[in-house]
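Let me begin by presenting the structure, written as structure tokens, before commenting on it.
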Amino acid sequence: MNDLPALPAFPVSRPRRLRRTAALRRLAGEISVRPGDLILPMFVAENASEPRHVGTMPGVVQHSLDSLAKAAIGAVEAGVGGLMLFGIPAYKDPTGSGADDPDGILNLALARLKFELGDATVLMGDLCLDEFTDHGHCGVLSTDGSVDNDATLQRYASMARAQAEAGADLLGTSGMMDGQVGVVRNALDEVRRSDVGVLAYAPKYASAFYGPFREAVDSSLTGDRLTYQQDPSRGVREALAEAALDVAEGADMVMVKPALPYLDILAAVSAASPVPVAAYQVSGEYAMVEAAAERGWIDRERVMLETLLSIRRAGAAMILTYWAHEAAILLQ
């Protein structure tokens, strides 16, 4: 007579088996974030003698050239995959003349980091006029106060040549002007810099999550950028069209910005794109986690890493995040 106990009818399937230990969870895991997937945005201010803290972004500073070099070297040693530089000039004017000045702060910073780091990292420059214009828009203005798309493209072409000469490996075309990638690509090729790549910000939305960033770059903007950045109410169709246009014009990578509020867009672009896709975890995303953690409402490190994992899970091959250096150390 068989004395074996009868098998239970339920549950037959037990998914918890693969969650029982940390080793099992690692073995069964599907998505991971590596230090090399992370890109650190960095701010450098003209005439700064020491780092200046950004009040709305705890832990983020406007660097001097010397502190920038020290922080960049530390981030690269921690395994961070790339650096994106934003310059903060002492003087601004209507055309953003400091943006393509070889002695302008952004180009000096690119040259300094290329000297310090060589090819040990991927050095990226923000190719936009907003930090350099006295009106704070991403392009030059027409007489009626609107942003002149085609006149702005000529300024972008000049910026592209200047940043390439300074040592940038990738140029981040963030201004959302129609045709910007093609103009930048042609400008680079004309001066035999076909080795310099283009990271196209598309789709980039007119988001309220950019607020703290404007303090970080001492923005002069009054008003908004709704006439050239994308409307948050638009769905996947426009996002895919914008990304496809940039790829057709020569983009080597495309980027979705912001990240967390647009994970649906990121997933769709990542599924369709023939080139690598990045996502920018912007200042507001960073600041709201830092603020909640400061109040003791969340576990800061776990939430930080979970947000990065969610962005990777949605399809980003790389992530711009202000936590890049810290996260790289935690992920090692």
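A note on labels: chains of the structure tokens are A, B, ... as shown, every chain counts residues from 1, and ligands are counted from 1 in their shown order.
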For this session: Could you please write out, as a PyMOL selection string, every residue of stretch 107-195 of chain A that DSSP assigns to alpha helix (DSSP H)?
Result: chain A and resi 107-117+149-166+180-190
Find the residues near A:Gly82: any atom within 8 Å, counting only C-alpha atoms, skip ones fewer than 3 places away on the same chain, and give them as a PDB file with C-alpha atoms, in the first residue's frame.
```
ATOM      1  CA  GLY A  36      29.546  51.855 -17.510  1.00  0.00           C
ATOM      2  CA  LEU A  38      25.870  55.722 -16.491  1.00  0.00           C
ATOM      3  CA  ILE A  39      26.741  59.228 -17.695  1.00  0.00           C
ATOM      4  CA  LEU A  40      27.399  62.035 -15.223  1.00  0.00           C
ATOM      5  CA  VAL A  76      35.883  57.742 -14.315  1.00  0.00           C
ATOM      6  CA  THR A 121      35.922  58.178 -20.919  1.00  0.00           C
ATOM      7  CA  VAL A 122      33.337  59.420 -23.409  1.00  0.00           C
ATOM      8  CA  LEU A 123      33.432  63.207 -23.229  1.00  0.00           C
ATOM      9  CA  MET A 124      30.204  64.958 -24.226  1.00  0.00           C
TER      10      MET A 124
END
```
For this session: With a distance cut-off of 8 Å and only C-alpha atoms, select the neighbouring residues of A:Ser220, excluding the residue or stretch itself and same-chain residues fewer than 2 positions from it, and output the selection as number ranges by chain.
Result: A: 131, 133-136, 218, 222
What does the file look like for those residues with N, CA and C atoms, as a PDB file, in the first residue's frame?
```pdb
ATOM      1  N   GLU A 131      22.309  78.282 -22.018  1.00  0.00           N
ATOM      2  CA  GLU A 131      23.158  78.761 -20.931  1.00  0.00           C
ATOM      3  C   GLU A 131      23.892  80.054 -21.288  1.00  0.00           C
ATOM      4  N   THR A 133      22.743  82.579 -23.645  1.00  0.00           N
ATOM      5  CA  THR A 133      21.959  83.718 -24.116  1.00  0.00           C
ATOM      6  C   THR A 133      21.383  84.499 -22.946  1.00  0.00           C
ATOM      7  N   ASP A 134      21.293  85.822 -23.121  1.00  0.00           N
ATOM      8  CA  ASP A 134      20.759  86.655 -22.041  1.00  0.00           C
ATOM      9  C   ASP A 134      19.248  86.531 -21.898  1.00  0.00           C
ATOM     10  N   HIS A 135      18.582  85.943 -22.901  1.00  0.00           N
ATOM     11  CA  HIS A 135      17.144  85.697 -22.809  1.00  0.00           C
ATOM     12  C   HIS A 135      16.830  84.267 -22.372  1.00  0.00           C
ATOM     13  N   GLY A 136      17.821  83.397 -22.373  1.00  0.00           N
ATOM     14  CA  GLY A 136      17.658  82.054 -21.842  1.00  0.00           C
ATOM     15  C   GLY A 136      17.027  81.044 -22.770  1.00  0.00           C
ATOM     16  N   ASP A 218      22.208  78.765 -13.887  1.00  0.00           N
ATOM     17  CA  ASP A 218      21.932  80.208 -13.783  1.00  0.00           C
ATOM     18  C   ASP A 218      21.129  80.707 -14.981  1.00  0.00           C
ATOM     19  N   THR A 222      12.813  83.637 -19.054  1.00  0.00           N
ATOM     20  CA  THR A 222      11.481  83.982 -18.577  1.00  0.00           C
ATOM     21  C   THR A 222      10.513  83.434 -19.611  1.00  0.00           C
TER      22      THR A 222
END
```
For this session: Please provide the set of residues having any atom within 10 Å of A:Ile88, restricted to only C-alpha atoms, with same-chain residues fewer than 4 positions apart removed, written as a list of chain:residue names.
Result: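 So the residues in contact are A:Phe43, A:Val44, A:Ala45, A:Glu46, A:Asn47, A:Ala48, A:Gln62, A:His63, A:Lys92, A:Gly98, A:Ala99, A:Gly104, A:Ile105, A:Leu106, A:Asp130, A:Glu131, A:Phe132, A:Ala216, A:Val217, A:Asp218, A:Ser219.
With only C-alpha atoms as the atoms that count, the residue of A:Gly250, A:Gly211, A:Gly139, A:Gly167 with the shortest distance to A:Val275 is A:Gly250.
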Exercise. Any idea what's packed within 12 Å of stretch 267-270 of chain A, counting only C-alpha atoms, ignoring anything in its chain fewer than 3 positions away? Could you give it as a PyMOL selection string?
Worked result: chain A and resi 202-203+235-244+247+253-257+259-264+273-279+310-318
For this session: Apply DSSP to the backbone of this structure and, from stretch 65-279 of chain A, keep only the residues in strand (DSSP E); write these as a PyMOL selection string.
Result: chain A and resi 82-88+122-127+170-173+197-204+253-257+277-279
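The list of residues with at least one atom within 9 Å of A:Pro232, based on only C-alpha atoms and without residues fewer than 4 positions apart in the same chain, reads Tyr205, Ala206, Ser207 and Tyr262 of chain A.
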